[in-house]
Amino acid sequence: MSYTADITIIGAGVIGLAIASEVARDDREVYLLEKNETFGQEQSSRNSEVIHAGIYYETGSLKARMCLEGNGLLNELCTKNGIAHNKCGKIIVATTAVEAEELEKLYRRGKNNGVPLKMLSRREMSQLEPNMKGIAALFSPTTGIVDSYALMRHLLGKAQSNGARIAYKTKVIGIERISNGYELRMENASSDFSFTSRVVINCAGLYSDKVAEMAGINVEKANYRIHWCKGEYYSVSGGKNKLVNRLIYPVPMSISVGAHVCLDVNGRLRLGPLFYYVDEVNYKVDDSRKKAFGESSIMKALPFIEPSDLDPETSGIMAMLQGQGEGFQDFVIRHEYDRGLPGFINLVGIESPGLTSSPAIARYVSHLVNEILES
Ligand SMILES: Cc1cc2nc3c(=O)[nH]c(=O)nc-3n(C[C@H](O)[C@H](O)[C@H](O)COP(=O)(O)OP(=O)(O)OC[C@H]3O[C@@H](n4cnc5c(N)ncnc54)[C@H](O)[C@@H]3O)c2cc1C
């Protein structure tokens, strides 16, 4: 069978779904291709479900801009469509003098990014979180949590009702530039097949570098090589979820925001993610690393949690542009016309805060698509 499409989106994680829901219209043929049996089986369902405020990212970066705009859009979308979410707020707590100095820097960066923030007095700290220990703390009232599955189900429904079609168990294995767009080769359980599309949007998450490579991009030169960073979560037993009222984070002392309190919309308490780089996709939690939790900053701030309260739970793997020990890298969201690929849009390195940013990224990409289709 041969198809032609106006827009083809590769990957049905939260980013592909959000883009599909934004670009689909009656007069457009829009396809969403997903290699797994259903949507959102990779990064988008294996994360902390935090609606970030935009504190951590370099001022002016796409991460900072998309996160701030996404925070507002996501809260609005959830409220309007009955998607479970909670603007519970978050505290970042310092337990040492060095961390307190870093916390000041974080406060200034967050403020520069336009994020509402407040340094807490000791009294306010113990009023808000009586069981938390720390010497200084920062309060972020616009941080929240969202039911990521419900969000994706909503985005899929909206995309489909706007006319987008989704094909599961369909893996893109080749992309070739042709005169009026791209020929995409795919495989499913029974055969290989192909179709053409005027616009192609790469939202392949952990494999976004491979998809960019299929289109002929030299990913080393473009700095698109993805590094896989695994984050492990531990559930906290013994009714200790009643001893925290909101998200509590340590002061980040490396590239990661650090293992933190994760609450979901049902009040379930987890700690994590504890991150390390990996070279295979394997979601088993390596509980030999549990000892590292005992020594983490978050455990110092929450002395009522004993290492024996922690049970290995789930993990997620993040698509990072920064390799081990490297500095800040921004999201890549780029129309690749100047690489000889008009109509090809790459989204590479959409790691945290990608879930938060998803509605803002979808708008951004929708503008790029309109420019391409109207040119
Ligand atoms: C541990 C962890 C914690 C996080 N915490 C947060 C948080 O609290 N807040 C936040 O805002 N963000 C968080 N993030 C980041 C967020 O989860 C991601 O940015 C977001 O889910 C990325 O979505 P995506 O659609 O780009 O990728 P994915 O969800 O990975 O989706 C990509 C899809 O592409 C498909 N695909 C790949 N290759 C092909 C192919 N060749 N053909 C067809 N389909 C293909 C995959 O099967 C997959 O379904 C976290 C991430 C992790 C891992």
# chains A, B, ... in the order shown; residues from 1 in each chain; ligands from 1

call {"tool": "closest_atom_pairs", "arguments": {"of": "region 205-309 of chain A", "to": "region 20-42 of chain A", "cutoff": "12 Å", "atoms": "only C-alpha atoms", "output": "tab-separated table"}}
result
residue	atom	partner	partner_atom	distance
A:Gly205	CA	A:Glu42	CA	8.2
A:Leu206	CA	A:Glu42	CA	8.2
A:Tyr207	CA	A:Glu42	CA	10.7
A:Lys230	CA	A:Glu42	CA	11.7
A:Val281	CA	A:Glu42	CA	9.8
A:Asn282	CA	A:Glu42	CA	11.1
A:Tyr283	CA	A:Glu42	CA	10.0

call {"tool": "closest_atom_pairs", "arguments": {"of": "chain A", "to": "ligand 1", "cutoff": "6 Å", "atoms": "only C-alpha atoms and all ligand atoms", "output": "JSON lines"}}
result
{"residue": "A:Ile10", "atom": "CA", "partner": "ligand 1", "partner_atom_place_in_ligand_line": "43 (C)", "distance": 5.2}
{"residue": "A:Gly11", "atom": "CA", "partner": "ligand 1", "partner_atom_place_in_ligand_line": "34 (O)", "distance": 3.2}
{"residue": "A:Ala12", "atom": "CA", "partner": "ligand 1", "partner_atom_place_in_ligand_line": "49 (O)", "distance": 4.8}
{"residue": "A:Gly13", "atom": "CA", "partner": "ligand 1", "partner_atom_place_in_ligand_line": "25 (O)", "distance": 3.2}
{"residue": "A:Val14", "atom": "CA", "partner": "ligand 1", "partner_atom_place_in_ligand_line": "25 (O)", "distance": 4.2}
{"residue": "A:Ile15", "atom": "CA", "partner": "ligand 1", "partner_atom_place_in_ligand_line": "25 (O)", "distance": 3.8}
{"residue": "A:Gly16", "atom": "CA", "partner": "ligand 1", "partner_atom_place_in_ligand_line": "25 (O)", "distance": 5.3}
{"residue": "A:Leu33", "atom": "CA", "partner": "ligand 1", "partner_atom_place_in_ligand_line": "43 (C)", "distance": 5.2}
{"residue": "A:Glu34", "atom": "CA", "partner": "ligand 1", "partner_atom_place_in_ligand_line": "44 (N)", "distance": 3.8}
{"residue": "A:Lys35", "atom": "CA", "partner": "ligand 1", "partner_atom_place_in_ligand_line": "43 (C)", "distance": 4.1}
{"residue": "A:Asn36", "atom": "CA", "partner": "ligand 1", "partner_atom_place_in_ligand_line": "47 (O)", "distance": 5.2}
{"residue": "A:Phe39", "atom": "CA", "partner": "ligand 1", "partner_atom_place_in_ligand_line": "49 (O)", "distance": 5.9}
{"residue": "A:Gly40", "atom": "CA", "partner": "ligand 1", "partner_atom_place_in_ligand_line": "49 (O)", "distance": 5.1}
{"residue": "A:Gln41", "atom": "CA", "partner": "ligand 1", "partner_atom_place_in_ligand_line": "49 (O)", "distance": 5.5}
{"residue": "A:Glu42", "atom": "CA", "partner": "ligand 1", "partner_atom_place_in_ligand_line": "30 (O)", "distance": 4.4}
{"residue": "A:Gln43", "atom": "CA", "partner": "ligand 1", "partner_atom_place_in_ligand_line": "29 (O)", "distance": 3.9}
{"residue": "A:Ser44", "atom": "CA", "partner": "ligand 1", "partner_atom_place_in_ligand_line": "21 (O)", "distance": 3.2}
{"residue": "A:Arg46", "atom": "CA", "partner": "ligand 1", "partner_atom_place_in_ligand_line": "53 (C)", "distance": 5.7}
{"residue": "A:Asn47", "atom": "CA", "partner": "ligand 1", "partner_atom_place_in_ligand_line": "3 (C)", "distance": 3.4}
{"residue": "A:Ser48", "atom": "CA", "partner": "ligand 1", "partner_atom_place_in_ligand_line": "8 (O)", "distance": 3.8}
{"residue": "A:Glu49", "atom": "CA", "partner": "ligand 1", "partner_atom_place_in_ligand_line": "8 (O)", "distance": 4.3}
{"residue": "A:Val50", "atom": "CA", "partner": "ligand 1", "partner_atom_place_in_ligand_line": "8 (O)", "distance": 3.6}
{"residue": "A:Ile51", "atom": "CA", "partner": "ligand 1", "partner_atom_place_in_ligand_line": "9 (N)", "distance": 5.5}
{"residue": "A:His52", "atom": "CA", "partner": "ligand 1", "partner_atom_place_in_ligand_line": "11 (O)", "distance": 5.8}
{"residue": "A:Thr170", "atom": "CA", "partner": "ligand 1", "partner_atom_place_in_ligand_line": "43 (C)", "distance": 5.8}
{"residue": "A:Lys171", "atom": "CA", "partner": "ligand 1", "partner_atom_place_in_ligand_line": "42 (N)", "distance": 3.6}
{"residue": "A:Val172", "atom": "CA", "partner": "ligand 1", "partner_atom_place_in_ligand_line": "42 (N)", "distance": 4.0}
{"residue": "A:Ile173", "atom": "CA", "partner": "ligand 1", "partner_atom_place_in_ligand_line": "41 (N)", "distance": 5.8}
{"residue": "A:Cys203", "atom": "CA", "partner": "ligand 1", "partner_atom_place_in_ligand_line": "26 (O)", "distance": 5.3}
{"residue": "A:Ala204", "atom": "CA", "partner": "ligand 1", "partner_atom_place_in_ligand_line": "34 (O)", "distance": 3.5}
{"residue": "A:Gly205", "atom": "CA", "partner": "ligand 1", "partner_atom_place_in_ligand_line": "27 (O)", "distance": 3.8}
{"residue": "A:Leu206", "atom": "CA", "partner": "ligand 1", "partner_atom_place_in_ligand_line": "30 (O)", "distance": 5.6}
{"residue": "A:Tyr207", "atom": "CA", "partner": "ligand 1", "partner_atom_place_in_ligand_line": "38 (N)", "distance": 4.9}
{"residue": "A:Gly231", "atom": "CA", "partner": "ligand 1", "partner_atom_place_in_ligand_line": "1 (C)", "distance": 4.6}
{"residue": "A:Pro273", "atom": "CA", "partner": "ligand 1", "partner_atom_place_in_ligand_line": "1 (C)", "distance": 5.7}
{"residue": "A:Gly316", "atom": "CA", "partner": "ligand 1", "partner_atom_place_in_ligand_line": "1 (C)", "distance": 4.2}
{"residue": "A:Ile317", "atom": "CA", "partner": "ligand 1", "partner_atom_place_in_ligand_line": "53 (C)", "distance": 4.2}
{"residue": "A:Met318", "atom": "CA", "partner": "ligand 1", "partner_atom_place_in_ligand_line": "53 (C)", "distance": 3.8}
{"residue": "A:Ile350", "atom": "CA", "partner": "ligand 1", "partner_atom_place_in_ligand_line": "19 (O)", "distance": 4.7}
{"residue": "A:Glu351", "atom": "CA", "partner": "ligand 1", "partner_atom_place_in_ligand_line": "19 (O)", "distance": 3.6}
{"residue": "A:Ser352", "atom": "CA", "partner": "ligand 1", "partner_atom_place_in_ligand_line": "15 (C)", "distance": 3.5}
{"residue": "A:Pro353", "atom": "CA", "partner": "ligand 1", "partner_atom_place_in_ligand_line": "11 (O)", "distance": 3.4}
{"residue": "A:Gly354", "atom": "CA", "partner": "ligand 1", "partner_atom_place_in_ligand_line": "19 (O)", "distance": 3.1}
{"residue": "A:Leu355", "atom": "CA", "partner": "ligand 1", "partner_atom_place_in_ligand_line": "11 (O)", "distance": 3.6}
{"residue": "A:Thr356", "atom": "CA", "partner": "ligand 1", "partner_atom_place_in_ligand_line": "11 (O)", "distance": 3.7}

call {"tool": "write_last_selection", "arguments": {"atoms": "C-alpha atoms", "output": "mmCIF file, in the first residue's frame"}}
result
data_model
loop_
_atom_site.group_PDB
_atom_site.id
_atom_site.type_symbol
_atom_site.label_atom_id
_atom_site.label_comp_id
_atom_site.auth_asym_id
_atom_site.auth_seq_id
_atom_site.Cartn_x
_atom_site.Cartn_y
_atom_site.Cartn_z
ATOM 1 C CA ILE A 10 8.197 9.820 14.431
ATOM 2 C CA GLY A 11 7.598 8.797 18.060
ATOM 3 C CA ALA A 12 4.464 8.827 20.215
ATOM 4 C CA GLY A 13 5.896 10.033 23.505
ATOM 5 C CA VAL A 14 4.494 13.163 25.117
ATOM 6 C CA ILE A 15 6.362 15.381 22.619
ATOM 7 C CA GLY A 16 5.119 13.588 19.478
ATOM 8 C CA LEU A 33 4.482 6.455 13.811
ATOM 9 C CA GLU A 34 5.405 4.529 16.949
ATOM 10 C CA LYS A 35 7.592 1.434 17.165
ATOM 11 C CA ASN A 36 6.063 0.193 20.444
ATOM 12 C CA PHE A 39 2.034 5.421 23.143
ATOM 13 C CA GLY A 40 4.321 6.732 25.903
ATOM 14 C CA GLN A 41 6.238 3.588 26.855
ATOM 15 C CA GLU A 42 9.695 5.216 27.164
ATOM 16 C CA GLN A 43 10.782 8.496 28.821
ATOM 17 C CA SER A 44 7.249 9.875 28.955
ATOM 18 C CA ARG A 46 9.102 6.771 33.362
ATOM 19 C CA ASN A 47 9.697 10.133 34.967
ATOM 20 C CA SER A 48 8.979 12.173 38.103
ATOM 21 C CA GLU A 49 5.778 13.760 36.671
ATOM 22 C CA VAL A 50 6.893 17.154 37.948
ATOM 23 C CA ILE A 51 5.607 20.336 36.321
ATOM 24 C CA HIS A 52 8.858 22.268 36.660
ATOM 25 C CA THR A 170 5.738 0.643 13.144
ATOM 26 C CA LYS A 171 9.420 1.398 13.272
ATOM 27 C CA VAL A 172 11.017 3.918 10.934
ATOM 28 C CA ILE A 173 14.161 2.306 9.490
ATOM 29 C CA CYS A 203 10.485 13.016 18.160
ATOM 30 C CA ALA A 204 12.230 9.691 18.702
ATOM 31 C CA GLY A 205 13.561 10.428 22.208
ATOM 32 C CA LEU A 206 16.316 7.966 23.105
ATOM 33 C CA TYR A 207 16.765 7.210 19.380
ATOM 34 C CA GLY A 231 17.470 7.289 36.874
ATOM 35 C CA PRO A 273 15.866 9.443 40.485
ATOM 36 C CA GLY A 316 13.607 5.701 33.468
ATOM 37 C CA ILE A 317 16.286 6.472 30.901
ATOM 38 C CA MET A 318 16.807 10.043 29.762
ATOM 39 C CA ILE A 350 14.449 16.557 24.893
ATOM 40 C CA GLU A 351 15.211 15.441 28.424
ATOM 41 C CA SER A 352 13.927 17.118 31.598
ATOM 42 C CA PRO A 353 11.987 19.473 31.602
ATOM 43 C CA GLY A 354 10.483 17.930 28.435
ATOM 44 C CA LEU A 355 7.234 16.791 30.026
ATOM 45 C CA THR A 356 6.592 20.283 31.415
#

call {"tool": "closest_residue", "arguments": {"among": "A:Phe328, A:Phe293, A:Phe139, A:Tyr149", "to": "Ala53 (chain A)", "atoms": "only C-alpha atoms"}}
result
A:Phe139

call {"tool": "select_by_dssp", "arguments": {"residues": "region 21-163 of chain A", "states": "strand (DSSP E or B)", "output": "list in words"}}
result
Val30, Tyr31, Leu32, Leu33, Val50, Ile51, His85, Asn86, Lys90, Ile91, Ile92, Val93, Ala94, Lys118, Met119, Leu120, Ala136, Ala137, Leu138, Phe139, Ser140, Gly144, Ile145 and Val146 of chain A

call {"tool": "residues_around", "arguments": {"residues": "region 64-67 of chain A", "least_positions_apart": "4", "cutoff": "6 Å", "atoms": "only C-alpha atoms", "output": "VMD selection string"}}
result
chain A and resid 54 57 71 356 to 357 360

call {"tool": "closest_residue", "arguments": {"among": "A:Arg268, A:His227, A:Arg339, A:Lys242", "to": "Glu280 (chain A)", "atoms": "only C-alpha atoms"}}
result
A:His227

call {"tool": "select_by_dssp", "arguments": {"residues": "region 197-293 of chain A", "states": "alpha helix (DSSP H)", "output": "PyMOL selection string"}}
result
chain A and resi 208-214+219-222+290-293

call {"tool": "write_last_selection", "arguments": {"atoms": "all heavy atoms", "output": "JSON list (two decimals), in the first residue's frame"}}
result
[["chain", "number", "residue", "atom", "x", "y", "z"],
["A", 208, "SER", "N", 16.58, 9.60, 18.92],
["A", 208, "SER", "CA", 16.46, 10.76, 18.02],
["A", 208, "SER", "C", 17.75, 10.99, 17.25],
["A", 208, "SER", "O", 17.70, 11.50, 16.11],
["A", 208, "SER", "CB", 16.05, 12.01, 18.81],
["A", 208, "SER", "OG", 16.86, 12.15, 19.95],
["A", 209, "ASP", "N", 18.90, 10.62, 17.82],
["A", 209, "ASP", "CA", 20.16, 10.75, 17.05],
["A", 209, "ASP", "C", 20.18, 9.75, 15.89],
["A", 209, "ASP", "O", 20.62, 10.08, 14.79],
["A", 209, "ASP", "CB", 21.40, 10.62, 17.95],
["A", 209, "ASP", "CG", 21.44, 9.34, 18.78],
["A", 209, "ASP", "OD1", 20.41, 8.63, 18.87],
["A", 209, "ASP", "OD2", 22.51, 9.03, 19.36],
["A", 210, "LYS", "N", 19.65, 8.54, 16.15],
["A", 210, "LYS", "CA", 19.64, 7.51, 15.08],
["A", 210, "LYS", "C", 18.73, 7.98, 13.93],
["A", 210, "LYS", "O", 19.06, 7.80, 12.76],
["A", 210, "LYS", "CB", 19.09, 6.18, 15.62],
["A", 210, "LYS", "CG", 19.88, 5.59, 16.78],
["A", 210, "LYS", "CD", 21.16, 4.95, 16.31],
["A", 210, "LYS", "CE", 22.02, 4.38, 17.42],
["A", 210, "LYS", "NZ", 22.41, 5.30, 18.47],
["A", 211, "VAL", "N", 17.59, 8.57, 14.27],
["A", 211, "VAL", "CA", 16.66, 9.03, 13.23],
["A", 211, "VAL", "C", 17.29, 10.20, 12.46],
["A", 211, "VAL", "O", 17.19, 10.27, 11.23],
["A", 211, "VAL", "CB", 15.29, 9.40, 13.85],
["A", 211, "VAL", "CG1", 14.41, 10.11, 12.85],
["A", 211, "VAL", "CG2", 14.60, 8.13, 14.36],
["A", 212, "ALA", "N", 17.98, 11.10, 13.16],
["A", 212, "ALA", "CA", 18.66, 12.21, 12.48],
["A", 212, "ALA", "C", 19.72, 11.65, 11.52],
["A", 212, "ALA", "O", 19.87, 12.12, 10.38],
["A", 212, "ALA", "CB", 19.30, 13.14, 13.51],
["A", 213, "GLU", "N", 20.40, 10.60, 11.97],
["A", 213, "GLU", "CA", 21.43, 9.96, 11.14],
["A", 213, "GLU", "C", 20.81, 9.36, 9.87],
["A", 213, "GLU", "O", 21.39, 9.44, 8.79],
["A", 213, "GLU", "CB", 22.08, 8.83, 11.96],
["A", 213, "GLU", "CG", 23.57, 8.85, 11.95],
["A", 213, "GLU", "CD", 24.16, 8.07, 13.15],
["A", 213, "GLU", "OE1", 23.47, 7.20, 13.74],
["A", 213, "GLU", "OE2", 25.33, 8.36, 13.49],
["A", 214, "MET", "N", 19.60, 8.75, 10.04],
["A", 214, "MET", "CA", 18.91, 8.15, 8.87],
["A", 214, "MET", "C", 18.69, 9.19, 7.78],
["A", 214, "MET", "O", 18.68, 8.88, 6.60],
["A", 214, "MET", "CB", 17.53, 7.59, 9.28],
["A", 214, "MET", "CG", 17.56, 6.30, 10.03],
["A", 214, "MET", "SD", 15.83, 5.87, 10.47],
["A", 214, "MET", "CE", 16.11, 4.90, 11.93],
["A", 219, "VAL", "N", 25.86, 13.18, 13.06],
["A", 219, "VAL", "CA", 25.43, 13.57, 14.41],
["A", 219, "VAL", "C", 26.60, 14.01, 15.30],
["A", 219, "VAL", "O", 26.41, 14.79, 16.23],
["A", 219, "VAL", "CB", 24.59, 12.48, 15.12],
["A", 219, "VAL", "CG1", 23.29, 12.23, 14.39],
["A", 219, "VAL", "CG2", 25.34, 11.21, 15.33],
["A", 220, "GLU", "N", 27.80, 13.50, 15.01],
["A", 220, "GLU", "CA", 28.95, 13.94, 15.82],
["A", 220, "GLU", "C", 29.23, 15.42, 15.53],
["A", 220, "GLU", "O", 29.37, 16.24, 16.44],
["A", 220, "GLU", "CB", 30.22, 13.12, 15.53],
["A", 220, "GLU", "CG", 30.07, 11.61, 15.65],
["A", 220, "GLU", "CD", 29.58, 11.13, 17.01],
["A", 220, "GLU", "OE1", 29.63, 11.89, 17.99],
["A", 220, "GLU", "OE2", 29.12, 9.97, 17.07],
["A", 221, "LYS", "N", 29.24, 15.76, 14.25],
["A", 221, "LYS", "CA", 29.50, 17.14, 13.83],
["A", 221, "LYS", "C", 28.41, 18.09, 14.33],
["A", 221, "LYS", "O", 28.68, 19.21, 14.76],
["A", 221, "LYS", "CB", 29.55, 17.21, 12.31],
["A", 221, "LYS", "CG", 30.91, 17.57, 11.77],
["A", 221, "LYS", "CD", 30.84, 17.49, 10.29],
["A", 221, "LYS", "CE", 31.68, 18.47, 9.57],
["A", 221, "LYS", "NZ", 31.67, 18.15, 8.14],
["A", 222, "ALA", "N", 27.16, 17.61, 14.26],
["A", 222, "ALA", "CA", 26.02, 18.46, 14.66],
["A", 222, "ALA", "C", 25.87, 18.51, 16.18],
["A", 222, "ALA", "O", 25.06, 19.28, 16.68],
["A", 222, "ALA", "CB", 24.74, 17.92, 14.03],
["A", 290, "LYS", "N", 21.64, 1.17, 46.20],
["A", 290, "LYS", "CA", 20.80, 1.73, 47.27],
["A", 290, "LYS", "C", 21.64, 2.44, 48.35],
["A", 290, "LYS", "O", 21.22, 3.43, 48.92],
["A", 290, "LYS", "CB", 19.99, 0.58, 47.89],
["A", 290, "LYS", "CG", 19.00, 1.01, 48.94],
["A", 290, "LYS", "CD", 18.14, -0.17, 49.35],
["A", 290, "LYS", "CE", 17.45, 0.09, 50.66],
["A", 290, "LYS", "NZ", 16.63, -1.04, 51.08],
["A", 291, "LYS", "N", 22.86, 1.93, 48.54],
["A", 291, "LYS", "CA", 23.75, 2.52, 49.55],
["A", 291, "LYS", "C", 23.98, 4.02, 49.25],
["A", 291, "LYS", "O", 24.01, 4.84, 50.16],
["A", 291, "LYS", "CB", 25.08, 1.77, 49.55],
["A", 291, "LYS", "CG", 25.96, 2.06, 50.72],
["A", 291, "LYS", "CD", 27.11, 1.05, 50.81],
["A", 291, "LYS", "CE", 28.15, 1.54, 51.78],
["A", 291, "LYS", "NZ", 29.00, 2.59, 51.20],
["A", 292, "ALA", "N", 24.08, 4.33, 47.95],
["A", 292, "ALA", "CA", 24.32, 5.73, 47.55],
["A", 292, "ALA", "C", 23.18, 6.62, 48.02],
["A", 292, "ALA", "O", 23.37, 7.81, 48.30],
["A", 292, "ALA", "CB", 24.48, 5.82, 46.04],
["A", 293, "PHE", "N", 21.99, 6.05, 48.10],
["A", 293, "PHE", "CA", 20.84, 6.82, 48.59],
["A", 293, "PHE", "C", 21.05, 7.25, 50.03],
["A", 293, "PHE", "O", 20.76, 8.38, 50.41],
["A", 293, "PHE", "CB", 19.57, 5.97, 48.51],
["A", 293, "PHE", "CG", 18.64, 6.45, 47.46],
["A", 293, "PHE", "CD1", 18.47, 5.72, 46.30],
["A", 293, "PHE", "CD2", 17.96, 7.63, 47.61],
["A", 293, "PHE", "CE1", 17.64, 6.16, 45.31],
["A", 293, "PHE", "CE2", 17.12, 8.09, 46.62],
["A", 293, "PHE", "CZ", 16.96, 7.35, 45.47]]

call {"tool": "closest_residue", "arguments": {"among": "A:Glu183, A:Glu101, A:Glu336, A:Glu176", "to": "Met253 (chain A)", "atoms": "only C-alpha atoms"}}
result
A:Glu101

call {"tool": "atom_distance", "arguments": {"atom1": "CA of Gly72 (chain A)", "atom2": "CA of Ser148 (chain A)"}}
result
15.9 Å

call {"tool": "closest_residue", "arguments": {"among": "A:Asn245, A:Asn113, A:Asn370, A:Asn223", "to": "Gly323 (chain A)", "atoms": "only C-alpha atoms"}}
result
A:Asn223
